[in-house]
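Chemist: Please read through the structure below; I'll follow up with questions.
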Amino acid sequence: MDRDRPALIMSGRKYLVSNFSIVVPIVFLGVMVLWPLGAVLQRSLSGVGVQRVVEIATRSSTRGILWFTFWQAALSTLLTLLIGLPIAHILARYRFVGRSMIRSIAVVPFVLPTVVVAAAFGSLFERTGVAGQRTVWAILGAHVFFNVAVVVRIVGGYWQGLDRSLEDAASVLGARPTQAFLRITLPRLVGVILGSGLLVFLFSFTSFGVILILGGPRRATLETEIYRYAISRLEFDVAAVLALIQLVIVVVLAMVSARFQRSYARGEGSRAKPRLLAVTGLRRRLHLGLVLGLTLVVIGLPLGSLIDRSLQVGDGYGLDNYSNLTEPVGLLPTSAIRALGISLEFAFVAACIAGLVGLAAAVGIVRGGRLGRVVEAASLVPLGVSAVTLGLGYLLAFTVMDFRRSIWLVPLAHEVMGLPFVLAAVVPALRSVDSRLRDAASALGASPTRIVATVEWPLIRKPLMTGAGFAAAISMGEFGATSFVSRGKDSFTAPLAIFRLLSQPGDLLRGQAIALSVVVGVIVAGIAATLERQRDGVTLL
Amino acid sequence: MSNLSVKDVSVDYGSARALDRVSLEVESGEVVAVIGPSGCGKSSLLRAIAGLEPLSAGSVVLGGKDLAGVPTHERDLGLMFQEHALFPHLSVGANVAFGLRMQRLDRASQSKRAEELLDLVGLGGFGDRGVDALSGGEAQRVALARALAPSPRLLMLDEPLGSLDRLLRQQLVAELRTVFVGLGVTALHVTHDQAEAFALADRVVVLREGEVVQSGPPAEIWREPKSEFVARFLGHPNLWNLDDKVVLVPIPAIRPLRIVEDVEEGIGWLRECSVIVERIEFREGRFRVTARSTTSVLCSLEVGPVTVVFDMGSQPQLGGRVLIEIVHDRLIVL
Amino acid sequence: MRLSSLLGASVLLLGACGSADSAGVEQPATETTQESSGTTAVSPGPDNSGEGVTLTLVTHDSFAVSDGVFEAFTRETGIGVEVVSAGDAGEVVARAILSAGKPEGDVLFGVDNTFLQRALDADIFEVYRSEFLASIPDELELDQEWRALPIDYGDVCVNYILEGGLAPTSLDQLATPDFASQFVTMNPESSSPGFAFLLATIATYGEDGWQDYWRKLTNGGVTITAGWSEAYFGEFVQGGGDKTIVTSYATSPVAEVLFADPAVATSPTGVLTEGCFRQIEFAGILKGTEHPFEAEKLLDFMLDETFQADIPLNMFVFPANSEVELPTEFTDHAVQVDSPLFLDPAEIEANRSRWTEEWTEIVLR
């Protein structure tokens with residue numbers, strides 16, 4: 001239906017604009033994802049017979065690993081949604097002290113190195129006496145901790161933009177709060193919940209460090225097995241078959257989710273500036289208190305224990321670990337501060353490119369068509385296939401002009417990982433732009449460009465910033481893929497520094513590593529807060 | 001029996017007071033319109049009655065029962081929103097039937113009642129359509145049908161026609177009045193458009209900065225505004241400052257004596273007519289109006305610093321001067 | 001210089017983003033850029049006789065070298081050196097094998113004796129018999145055809161806390177319940193020291209005896225982690241855990257002293273000198289390099305004293321060159337292992353999968 005398409009596409013120079021919007025992401029994903037993947041699969045599977053592939057894929061060990069990978073990811077996603085949605089709700093609807101702070105801090109877990117979080121979890125378990133380590137529950141708990149931000153930010157941001165008078169209308173019509181939520185709010189959130197849920201699923205599906213460190217040595221997933229076969233055992237064909245299985249699952253999931261999202265996309269009647277609810281009455285206070293308590297337990301406690309550890313110096317407390325960050329350490333090719341600077345540069349570049357490519361891709365996806373669907377599915381591949389596969393793919397594919405050693409490779413690898421977040425935030429917003437708003441603007445004589453600038457841009461600006469913020473956060477915290485990309489000193493990022501600091505004994509190193517993690521977290525929270533600060537009068541054109 | 005009784009209700013948003021000790025009665029079967037400029041607390045009043053906004057003080061009594069502690073969904077009200085607030089994921093029919101579904105009415109009765117109401121608002125057969133395909137007027141009719149479907153004890157309308165264009169608005173006002181009278185609906189209607197209020201309501205309440213400043217039947221309020229604010233808000237044109245007082249000169253109090261070429265006293269310049277003005281010139285400090293009149297004519301005249309609007313009674317003479325007379329005993333001192 | 005072009009491009013992107021302050025990220029100062037390009041790629045000076053070649057040294061994440069060391073090489077030869085790292089030792093070998101013929105660089109450093117045979121089998125190295133091998137003890141030269149040359153070595157040993165814990169005196173004793181329950185070691189499939197410790201038990205108890213040893217450890221309650229960091233910083237008392245014995249390195253006490261906070265005179269940890277497996281790291285010239293002659297010079301340099309003397313305090317291993325004087329931190333705190341354990345690289349490669357699978361059966365199932 002043409003009337004549902006954004007003006008961005010309906011412009012007079014229709015073909016030029018729409019083709020450009022789809023060509024940019026296709027070129028990007030083609031070069032940064034499909035080509036390297038093709039290269040590594042081709043290299044690993046050349047000369048391997050179909051029989052062997054089938055044999056590997058149908059081994060009972062493969063099936064067991066696949067099953068565990070799948071259910072732990074599904075359960076992690078479910079738990080993350082169960083915990084993330086109430087938090088997203090209070091952030092989207094209630095006005096209370098510390099609201100914007102929680103919004104910013106929620107992103108921090110997302111960027112913390114697994115080994116540091118595991119330590120924080122460990123000390124937390126010790127203190128609280130919960131014997132949680134090395135069980136499936138520890139894996140699930142860590143996945144919730146890492147990924148709850150995805151739900152909180154992406155669903156919460158969309159939720160906040162939803163017209164609240166619909167819930168009011170339902171309530172006046174006799175719907176109890178739960179009924180109003182289930183029948184009126186939830187159906188409108190399905191698209192964005194599916195989108196963010198898929199991201200959480202893919203993260204849990206391909207999680208590496210959490211499985212190895214918290215799951216204990218017995219747990220294996222597709223991701224850890226691909227690493228084991230490719231790196232420890234050099235059985236590239238087995239690794240490639242497992243990677244192929246990963247790829248197929250990701251693409252199928254992406255397509256199913258995209259289909260659902262499309263069928264749930266609806267224009268919202270009103271875009272009146274939503275007013276946040278005051279927290280009055282026992283009921284709301286209780287509700288808010290409960291959810292804040294939950295937030296504190298899930299996000300606050302582990303972070304608090306991390307900060308506590310970063311301040312421990314000898315037997316007392318102090319800021320020494322932070323001041324030490326500027327001191328050069330023999331283990332690191334540059335100082336920790338310099339690594340932080342490099343991370344910031346990369347985060348900036350990755351966020352900018354992810355924002356621009358994501359905007360183009362979002363338009364292409366909403367426009368529909370086969371290419372749009374291809375882009376939508378392909379954009380999720382970097383999250384759904386293992387860092388080993390992609391890293392080895394870069395090694396094999398980018399021999400041209402020695403791009404595999406280019407300083408651009410790291411931020412570009414980060415960018416492709418940030419892209420799905422931009423899409424998850426922007427696509428639902430773009431789909432929900434009410435066609436009537438466009439028609440009205442068009443009837444008033446607005447040109448397509450004016451419509452983009454006045455109707456669509458204000459509605460997608462914030463989601464775009466949320467997505468770009470995630471891209472920056474991913475870039476700041478990414479370790480797996482980064483460690484697989486060849487780097488010189490100029491691409492020695494903060495997460496690499498943290499790992500390096502933890503490679504030798506000594507309180508000094510450990511203190512610096514944790515302090516550096518905290519600094520990375522604070523910076524990411526700051527970036528998120530800055531990117532989302534509401535500013536009026538900012539337009540695209 | 002008084003159906004709705006609002007007593008000394010106050011609503012605060014943080015430190016800002018939206019409603020200040022507002023009292024209001026709506027009789028059973030009565031249509032009351034609350035008017036006032038934007039931000040005067042009209043919507044807050046409706047939201048407070050609906051239980052969507054907590055009261056800082058006062059009480060809301062419906063059908064003799066105090067609604068304090070009764071949650072919104074148990075208040076048995078209807079509310080129509082300015083932006084219609086239709087559920088985008090539900091069909092037109094499902095939107096209308098939503099309240100009935102909440103009452104756990106059986107499906108057959110639900111769809112029967114929904115069809116009845118769609119017929120009533122002139123949208124028979126729209127039940128299966130999606131709501132994004134509706135025009136603004138159709139959407140508002142669906143919103144009306146949805147609000148009426150569960151037969152609420154009180155129907156509240158929050159600027160229901162505010163987003164529609166003038167022509168559609170006039171048409172819908174007439175339709176609403178027909179529906180209200182036909183069903184004997186008790187309604188509380190909030191608007192900033194006094195014409196809409198006068199056309200729909202049995203009684204009009206004027207709200208200013210969260211306070212009721214005047215209340216009464218439309219004709220009475222128009223005839224005898226009790227304050228300059230009400231007079232201005234209703235759009236009375238002839239408000240003169242005389243001896244530190246504001247004097248309202250009703251149009252019937254002004255008569256054009258004659259149209260002359262040259263008179264000294266009490267003469268102003270013909271400036272504008274509600275008939276079609278073809279040309280306005282300003283020459284040598286004086287206005288000249290070229291106008292094409294129809295029948296009865298309201299014209300405005302500039303007399304010194306004030307503008308007087310009056311009924312010409314006859315065709316204005318192009319570029320002519322006019323002498324007016326004011327009937328003193330019909331002046332209203334505010 | 002590439003960094004500055006990156007920054008230039010980011011500024012362009014910034015402009016394209018519409019509002020310059022939208023990202024809220026501070027741009028680093030230009031002088032930082034210059035400083036970093038100075039330390040990264042050491043370019044040959046104009047007055048040198050070299051042809052202006054810059055070699056790429058491919059290595060693992062743990063590679064570290066002091067500022068000025070490669071600069072000395074550049075001054076001497078006119079050849080620049082760029083260090084490129086990716087992943088751990090296993091990953092470096094896997095990458096090199098996967099990209100054989102189209103190498104990422106000219107010289108590879110970081111293949112240890114547990115992966116040596118794998119690299120030799122894949123034929124990724126050129127033969128180069130450096131004259132500097134004269135200063136290297138023969139027992140470190142595991143490749144008789146001089147494709148992979150030994151650069152450094154270290155011993156993976158059981159470490160323990162000196163105060164507040166039991167001090168094991170032998171591997172046998174370690175397997176008794178009192179000790180085993182306090183012992184944390186790593187999964188040999190995901191950890192290099194973990195694998196080395198497994199090899200130590202195989203070297204000690206033989207092809208038929210090591211399984212029983214591990215059964216005893218398992219029954220005694222040994223803790224297994226995925227990697228060294230999780231063991232040392234997660235489980236071991238020094239890192240905040242509650243285990244008093246851990247698999248680590250003979251040089252770990254050096255780091256314990258060097259990076260102590262507050263400073264200490266001696267390490268709080270001790271080393272069990274029995275059952276230490278010796279890891280030797282090799283470097284070689286990658287086949288497919290366009291600069292074999294310069295690569296040979298770099299290998300010579302890495303075997304020579306300047307580079308060798310720089311190794312201990314950067315990578316916490318011993319220099320292969322026996323003529324190099326060790327820093328006092330090493331002589332004071334590192335433990336000399338008199339009879340380290342070895343296994344033939346070919347044997348390791350042939351049995352790796354079987355050993356780790358058997359280990360998994362015994363310890364993890």
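In the structure tokens, the first chain shown is A, the next is B, and so on; residue numbers restart at 1 for each chain, and ligands run from 1 in the order shown.
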Return as a VMD selection string the residues belonging to chain B that are within 7 Å of chain A, counting only C-alpha atoms.
Modeler: chain B and resid 50 72 to 74 76 to 79 83 85 to 89 99 102 132
Chemist: Write out as a CSV table (one decimal) with C-alpha atoms, in the first residue's frame each polymer residue whose atoms come within 10 Å of Val190 in chain B, counting only C-alpha atoms; drop sequence neighbours fewer than 6 positions from it.
Modeler:
```csv
chain,number,residue,atom,x,y,z
B,32,VAL,CA,-23.3,20.6,29.5
B,33,ALA,CA,-20.5,22.2,27.6
B,34,VAL,CA,-17.4,23.5,29.4
B,35,ILE,CA,-15.6,26.2,27.4
B,36,GLY,CA,-12.5,28.1,28.0
B,41,GLY,CA,-8.0,23.0,32.8
B,42,LYS,CA,-10.9,21.6,30.6
B,43,SER,CA,-9.2,18.4,29.8
B,45,LEU,CA,-11.6,18.2,34.5
B,46,LEU,CA,-12.7,15.4,32.3
B,82,GLN,CA,-9.8,15.0,20.3
B,156,MET,CA,-17.6,13.0,28.1
B,157,LEU,CA,-16.2,14.7,25.0
B,158,ASP,CA,-12.8,16.2,25.0
B,159,GLU,CA,-12.6,18.7,22.1
B,160,PRO,CA,-14.0,16.0,19.9
B,196,GLU,CA,-19.7,24.4,19.0
B,197,ALA,CA,-20.7,24.7,22.7
B,204,VAL,CA,-22.5,26.2,29.2
B,205,VAL,CA,-19.8,26.5,31.9
B,206,VAL,CA,-17.0,28.9,31.3
B,207,LEU,CA,-13.7,27.9,32.8
```
Chemist: Any chance you could list, as number ranges by chain, the residues in range 30-254 of chain C that come up strand (DSSP E) when DSSP is run on the backbone?
Modeler: C: 54-59, 80-85, 107-112, 125-126, 149-161, 183-186, 223-225, 245-249
Chemist: Hey, can you spit out that residue selection with N, CA and C atoms as a compact mmCIF listing (two decimals), in the first residue's frame?
Modeler:
```txt
# COMPACT_ATOMS: atom_id res chain seq x y z
N THR C 54 59.21 -1.75 5.05
CA THR C 54 58.65 -1.91 6.39
C THR C 54 58.11 -3.33 6.50
N LEU C 55 58.67 -4.07 7.44
CA LEU C 55 58.24 -5.46 7.64
C LEU C 55 57.05 -5.49 8.58
N THR C 56 56.22 -6.52 8.39
CA THR C 56 55.12 -6.72 9.31
C THR C 56 55.40 -7.96 10.16
N LEU C 57 55.37 -7.74 11.47
CA LEU C 57 55.57 -8.84 12.40
C LEU C 57 54.20 -9.26 12.91
N VAL C 58 53.78 -10.47 12.54
CA VAL C 58 52.48 -10.98 12.97
C VAL C 58 52.67 -11.72 14.29
N THR C 59 51.84 -11.39 15.27
CA THR C 59 52.04 -12.02 16.57
C THR C 59 50.72 -12.10 17.32
N GLY C 80 61.90 -0.82 8.54
CA GLY C 80 60.86 -0.51 9.52
C GLY C 80 60.16 -1.78 9.98
N VAL C 81 59.55 -1.70 11.16
CA VAL C 81 58.81 -2.85 11.68
C VAL C 81 57.43 -2.40 12.12
N GLU C 82 56.43 -3.11 11.62
CA GLU C 82 55.07 -2.86 12.10
C GLU C 82 54.58 -4.13 12.76
N VAL C 83 54.09 -3.96 14.01
CA VAL C 83 53.61 -5.11 14.76
C VAL C 83 52.11 -5.23 14.57
N VAL C 84 51.66 -6.41 14.17
CA VAL C 84 50.23 -6.64 14.00
C VAL C 84 49.87 -7.86 14.82
N SER C 85 48.88 -7.71 15.70
CA SER C 85 48.53 -8.84 16.54
C SER C 85 47.06 -9.18 16.36
N VAL C 107 57.05 -11.84 9.09
CA VAL C 107 57.61 -12.69 10.14
C VAL C 107 56.50 -13.00 11.13
N LEU C 108 56.45 -14.24 11.60
CA LEU C 108 55.46 -14.61 12.59
C LEU C 108 56.18 -14.96 13.88
N PHE C 109 55.69 -14.38 14.98
CA PHE C 109 56.23 -14.73 16.28
C PHE C 109 55.10 -15.22 17.17
N GLY C 110 55.35 -16.30 17.92
CA GLY C 110 54.35 -16.70 18.90
C GLY C 110 53.83 -18.12 18.76
N VAL C 111 54.44 -18.93 17.87
CA VAL C 111 54.07 -20.34 17.84
C VAL C 111 54.81 -21.02 18.98
N ASP C 112 54.10 -21.72 19.86
CA ASP C 112 54.84 -22.40 20.93
C ASP C 112 54.99 -23.88 20.58
N PHE C 125 56.50 -21.72 7.02
CA PHE C 125 57.75 -21.00 7.27
C PHE C 125 58.82 -21.28 6.23
N GLU C 126 59.63 -20.26 5.95
CA GLU C 126 60.84 -20.43 5.15
C GLU C 126 61.95 -20.95 6.07
N LEU C 149 62.43 -20.63 14.79
CA LEU C 149 63.58 -20.40 15.67
C LEU C 149 63.11 -20.00 17.06
N PRO C 150 63.69 -20.60 18.11
CA PRO C 150 63.23 -20.30 19.48
C PRO C 150 63.58 -18.88 19.90
N ILE C 151 62.63 -18.18 20.48
CA ILE C 151 62.84 -16.80 20.91
C ILE C 151 62.81 -16.70 22.43
N ASP C 152 61.86 -17.40 23.05
CA ASP C 152 61.79 -17.33 24.50
C ASP C 152 61.21 -18.62 25.04
N TYR C 153 61.25 -18.78 26.34
CA TYR C 153 60.62 -19.95 26.94
C TYR C 153 60.13 -19.59 28.34
N GLY C 154 59.19 -20.39 28.80
CA GLY C 154 58.67 -20.21 30.16
C GLY C 154 58.16 -21.54 30.65
N ASP C 155 58.01 -21.64 31.96
CA ASP C 155 57.55 -22.90 32.52
C ASP C 155 56.17 -22.74 33.14
N VAL C 156 55.26 -23.63 32.75
CA VAL C 156 53.94 -23.64 33.37
C VAL C 156 54.04 -24.51 34.61
N CYS C 157 53.84 -23.90 35.77
CA CYS C 157 54.00 -24.61 37.03
C CYS C 157 52.81 -24.37 37.94
N VAL C 158 52.65 -25.25 38.90
CA VAL C 158 51.63 -25.04 39.92
C VAL C 158 52.13 -23.97 40.88
N ASN C 159 51.31 -22.94 41.10
CA ASN C 159 51.61 -21.88 42.07
C ASN C 159 50.72 -22.07 43.30
N TYR C 160 51.16 -21.56 44.42
CA TYR C 160 50.31 -21.67 45.61
C TYR C 160 50.55 -20.46 46.50
N ILE C 161 49.62 -20.23 47.38
CA ILE C 161 49.73 -19.10 48.29
C ILE C 161 50.62 -19.53 49.46
N PHE C 183 42.73 -26.70 44.57
CA PHE C 183 43.48 -26.50 43.34
C PHE C 183 42.54 -26.07 42.21
N VAL C 184 42.94 -25.01 41.51
CA VAL C 184 42.18 -24.61 40.34
C VAL C 184 43.09 -24.63 39.11
N THR C 185 42.63 -25.31 38.07
CA THR C 185 43.41 -25.36 36.83
C THR C 185 42.44 -25.13 35.66
N MET C 186 42.97 -25.17 34.44
CA MET C 186 42.12 -24.75 33.31
C MET C 186 41.86 -25.87 32.33
N THR C 223 39.03 -27.73 40.72
CA THR C 223 38.15 -26.78 40.03
C THR C 223 38.73 -26.49 38.65
N ILE C 224 37.85 -26.49 37.65
CA ILE C 224 38.30 -26.23 36.27
C ILE C 224 37.67 -24.93 35.78
N THR C 225 38.49 -24.06 35.22
CA THR C 225 37.93 -22.86 34.58
C THR C 225 38.29 -22.89 33.10
N ILE C 245 45.66 -22.95 45.44
CA ILE C 245 46.64 -23.51 44.51
C ILE C 245 46.12 -23.32 43.09
N VAL C 246 47.00 -22.90 42.17
CA VAL C 246 46.54 -22.58 40.82
C VAL C 246 47.62 -22.94 39.80
N THR C 247 47.18 -23.30 38.61
CA THR C 247 48.13 -23.50 37.52
C THR C 247 48.49 -22.13 36.95
N SER C 248 49.81 -21.83 36.94
CA SER C 248 50.24 -20.54 36.40
C SER C 248 51.64 -20.71 35.84
N TYR C 249 52.47 -19.71 36.01
CA TYR C 249 53.82 -19.77 35.44
C TYR C 249 54.88 -19.66 36.53
```
Chemist: Could you give me, as a PyMOL selection string, the residues within 12 Å of Trp228 in chain C, counting only C-alpha atoms and dropping anything in the same chain fewer than 4 positions from it?
Modeler: (chain A and resi 115+212-213+499-500+502-505) or (chain C and resi 156+184-188+190-197+224+232-236+239+246-249+252)
Chemist: If you keep C-alpha atoms, can you produce a file of those selected residues as a PDB file, in the first residue's frame?
Modeler:
```pdb
ATOM      1  CA  VAL A 115      35.604 -11.572  32.405  1.00  0.00           C
ATOM      2  CA  LEU A 212      32.987 -20.473  28.847  1.00  0.00           C
ATOM      3  CA  ILE A 213      33.442 -18.572  32.085  1.00  0.00           C
ATOM      4  CA  PHE A 499      41.989  -8.343  28.800  1.00  0.00           C
ATOM      5  CA  ARG A 500      45.684  -7.716  28.508  1.00  0.00           C
ATOM      6  CA  LEU A 502      44.228  -9.461  33.300  1.00  0.00           C
ATOM      7  CA  SER A 503      46.849 -11.661  31.646  1.00  0.00           C
ATOM      8  CA  GLN A 504      49.395 -11.436  34.467  1.00  0.00           C
ATOM      9  CA  PRO A 505      49.132 -11.670  38.247  1.00  0.00           C
TER      10      PRO A 505
ATOM     11  CA  VAL C 156      53.944 -23.636  33.374  1.00  0.00           C
ATOM     12  CA  VAL C 184      42.176 -24.610  40.338  1.00  0.00           C
ATOM     13  CA  THR C 185      43.405 -25.356  36.828  1.00  0.00           C
ATOM     14  CA  MET C 186      42.124 -24.749  33.310  1.00  0.00           C
ATOM     15  CA  ASN C 187      40.407 -26.613  30.542  1.00  0.00           C
ATOM     16  CA  PRO C 188      43.209 -27.750  28.193  1.00  0.00           C
ATOM     17  CA  SER C 190      40.422 -23.472  25.895  1.00  0.00           C
ATOM     18  CA  SER C 191      43.583 -22.540  27.792  1.00  0.00           C
ATOM     19  CA  SER C 192      47.240 -22.735  26.843  1.00  0.00           C
ATOM     20  CA  PRO C 193      48.602 -23.163  30.422  1.00  0.00           C
ATOM     21  CA  GLY C 194      45.776 -25.627  31.018  1.00  0.00           C
ATOM     22  CA  PHE C 195      46.984 -27.697  28.108  1.00  0.00           C
ATOM     23  CA  ALA C 196      50.572 -27.377  29.298  1.00  0.00           C
ATOM     24  CA  PHE C 197      49.624 -28.736  32.715  1.00  0.00           C
ATOM     25  CA  ILE C 224      38.297 -26.226  36.270  1.00  0.00           C
ATOM     26  CA  TYR C 232      43.798 -16.577  38.781  1.00  0.00           C
ATOM     27  CA  PHE C 233      41.455 -13.611  39.224  1.00  0.00           C
ATOM     28  CA  GLY C 234      38.247 -15.491  39.867  1.00  0.00           C
ATOM     29  CA  GLU C 235      39.122 -18.538  41.943  1.00  0.00           C
ATOM     30  CA  PHE C 236      42.618 -18.065  43.350  1.00  0.00           C
ATOM     31  CA  GLY C 239      42.485 -12.524  42.877  1.00  0.00           C
ATOM     32  CA  VAL C 246      46.541 -22.579  40.823  1.00  0.00           C
ATOM     33  CA  THR C 247      48.129 -23.497  37.525  1.00  0.00           C
ATOM     34  CA  SER C 248      50.236 -20.538  36.399  1.00  0.00           C
ATOM     35  CA  TYR C 249      53.819 -19.772  35.438  1.00  0.00           C
ATOM     36  CA  SER C 252      54.104 -15.371  38.100  1.00  0.00           C
TER      37      SER C 252
END
```
Chemist: Mind the document's chain letters and residue numbers, and return as a ChimeraX atom specification the residues of range 345-506 of chain A that DSSP labels alpha helix (DSSP H).
Modeler: /A:345-367,369-384,387-397,409-432,435-443,448-451,457-477,480-484,494-501
Chemist: Mind writing the picked residues with C-alpha atoms as a compact mmCIF listing (two decimals), in the first residue's frame?
Modeler:
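part_20.txt, written as the output of this step:
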```txt
# COMPACT_ATOMS: atom_id res chain seq x y z
CA GLU A 345 37.45 7.40 18.00
CA PHE A 346 36.29 4.02 16.76
CA ALA A 347 32.98 4.35 18.61
CA PHE A 348 32.42 7.71 17.01
CA VAL A 349 33.19 6.47 13.52
CA ALA A 350 31.16 3.28 14.01
CA ALA A 351 28.15 5.17 15.37
CA CYS A 352 28.22 7.71 12.55
CA ILE A 353 28.46 5.11 9.80
CA ALA A 354 25.92 2.83 11.47
CA GLY A 355 23.56 5.78 11.77
CA LEU A 356 23.87 6.81 8.14
CA VAL A 357 23.84 3.30 6.67
CA GLY A 358 21.10 2.31 9.10
CA LEU A 359 18.93 5.23 8.07
CA ALA A 360 19.30 4.31 4.42
CA ALA A 361 18.69 0.63 5.19
CA ALA A 362 15.62 1.39 7.31
CA VAL A 363 14.07 3.33 4.47
CA GLY A 364 14.88 0.50 2.09
CA ILE A 365 13.37 -2.06 4.45
CA VAL A 366 10.16 -0.14 5.10
CA ARG A 367 9.79 0.38 1.40
CA GLY A 369 10.46 -5.41 -1.86
CA ARG A 370 12.82 -8.32 -2.09
CA LEU A 371 15.97 -6.25 -1.68
CA GLY A 372 14.59 -4.73 1.50
CA ARG A 373 14.03 -8.17 2.94
CA VAL A 374 17.50 -9.27 1.93
CA VAL A 375 18.99 -6.24 3.69
CA GLU A 376 16.88 -6.90 6.76
CA ALA A 377 18.04 -10.50 7.05
CA ALA A 378 21.64 -9.79 6.09
CA SER A 379 21.97 -7.00 8.65
CA LEU A 380 21.42 -9.52 11.44
CA VAL A 381 24.03 -11.96 10.23
CA PRO A 382 26.99 -10.27 11.96
CA LEU A 383 25.25 -10.73 15.30
CA GLY A 384 24.20 -14.28 14.58
CA ALA A 387 33.25 -13.75 15.65
CA VAL A 388 35.66 -16.52 14.66
CA THR A 389 33.90 -17.10 11.38
CA LEU A 390 33.74 -13.42 10.51
CA GLY A 391 37.27 -12.75 11.72
CA LEU A 392 38.72 -15.56 9.64
CA GLY A 393 36.54 -14.37 6.77
CA TYR A 394 38.14 -10.93 6.89
CA LEU A 395 41.52 -12.60 6.90
CA LEU A 396 40.73 -14.49 3.72
CA ALA A 397 38.63 -11.93 1.87
CA LEU A 409 38.61 -2.63 9.66
CA VAL A 410 37.95 -2.44 13.40
CA PRO A 411 35.42 0.42 13.35
CA LEU A 412 33.81 -1.06 10.26
CA ALA A 413 33.46 -4.44 11.96
CA HIS A 414 31.92 -2.61 14.90
CA GLU A 415 29.66 -0.70 12.55
CA VAL A 416 28.15 -3.84 11.04
CA MET A 417 27.43 -5.07 14.55
CA GLY A 418 25.77 -1.78 15.47
CA LEU A 419 23.65 -1.67 12.34
CA PRO A 420 20.96 -4.09 13.58
CA PHE A 421 20.42 -1.86 16.59
CA VAL A 422 19.87 1.19 14.46
CA LEU A 423 17.40 -0.83 12.41
CA ALA A 424 15.63 -2.28 15.44
CA ALA A 425 15.04 1.23 16.73
CA VAL A 426 14.33 3.10 13.50
CA VAL A 427 12.30 0.64 11.42
CA PRO A 428 9.33 0.37 13.83
CA ALA A 429 9.30 4.14 14.25
CA LEU A 430 9.35 4.69 10.51
CA ARG A 431 6.60 2.13 10.04
CA SER A 432 4.44 3.77 12.66
CA SER A 435 0.13 7.92 6.67
CA ARG A 436 -2.47 10.53 7.57
CA LEU A 437 0.21 12.81 8.95
CA ARG A 438 1.95 12.62 5.60
CA ASP A 439 -1.29 13.05 3.69
CA ALA A 440 -2.16 16.05 5.80
CA ALA A 441 1.23 17.61 5.23
CA SER A 442 1.02 16.81 1.58
CA ALA A 443 -2.46 18.33 1.36
CA PRO A 448 8.33 15.41 -0.21
CA THR A 449 11.52 16.83 1.23
CA ARG A 450 9.52 19.06 3.53
CA ILE A 451 7.49 16.05 4.62
CA TRP A 457 12.55 13.17 10.73
CA PRO A 458 11.22 14.39 14.10
CA LEU A 459 9.72 10.95 14.69
CA ILE A 460 12.78 8.92 13.77
CA ARG A 461 15.41 11.26 15.13
CA LYS A 462 15.27 9.88 18.64
CA PRO A 463 15.19 6.20 17.64
CA LEU A 464 18.09 6.90 15.30
CA MET A 465 20.03 8.37 18.20
CA THR A 466 19.18 5.36 20.36
CA GLY A 467 20.47 3.06 17.64
CA ALA A 468 23.60 5.08 17.03
CA GLY A 469 24.18 5.10 20.79
CA PHE A 470 24.05 1.32 20.77
CA ALA A 471 26.47 1.20 17.88
CA ALA A 472 28.84 3.40 19.86
CA ALA A 473 28.36 1.22 22.93
CA ILE A 474 29.06 -1.96 20.98
CA SER A 475 32.17 -0.41 19.56
CA MET A 476 33.33 0.65 23.02
CA GLY A 477 32.81 -2.79 24.50
CA GLY A 480 35.40 -10.99 20.34
CA ALA A 481 35.48 -9.68 16.79
CA THR A 482 38.07 -7.03 17.60
CA SER A 483 40.48 -9.61 18.92
CA PHE A 484 40.11 -11.48 15.65
CA ALA A 494 40.07 -0.36 25.72
CA PRO A 495 38.49 -3.85 25.95
CA LEU A 496 41.71 -5.35 24.56
CA ALA A 497 43.63 -3.39 27.20
CA ILE A 498 41.36 -4.77 29.92
CA PHE A 499 41.99 -8.34 28.80
CA ARG A 500 45.68 -7.72 28.51
CA LEU A 501 45.83 -6.29 32.02
```
Chemist: Can you tell me which residues surround Ala64 in chain C at a distance of at most 7 Å, considering only C-alpha atoms, apart from same-chain residues fewer than 5 positions away, and format the answer as a ChimeraX atom specification?
Modeler: /A:331-333 /C:314-315
Chemist: Write out as a list in words which residues come within 8 Å of range 59-70 of chain B when counting only C-alpha atoms, dropping same-chain ones fewer than 2 positions away.
Modeler: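 The residues that qualify are Met1, Ser2, Asn3, Leu4, Ser5, Val6, Lys7, Asp8, Val9, Ile49, Gly51, Leu55, Ala57, Thr72, Glu74 and Arg75 of chain B.
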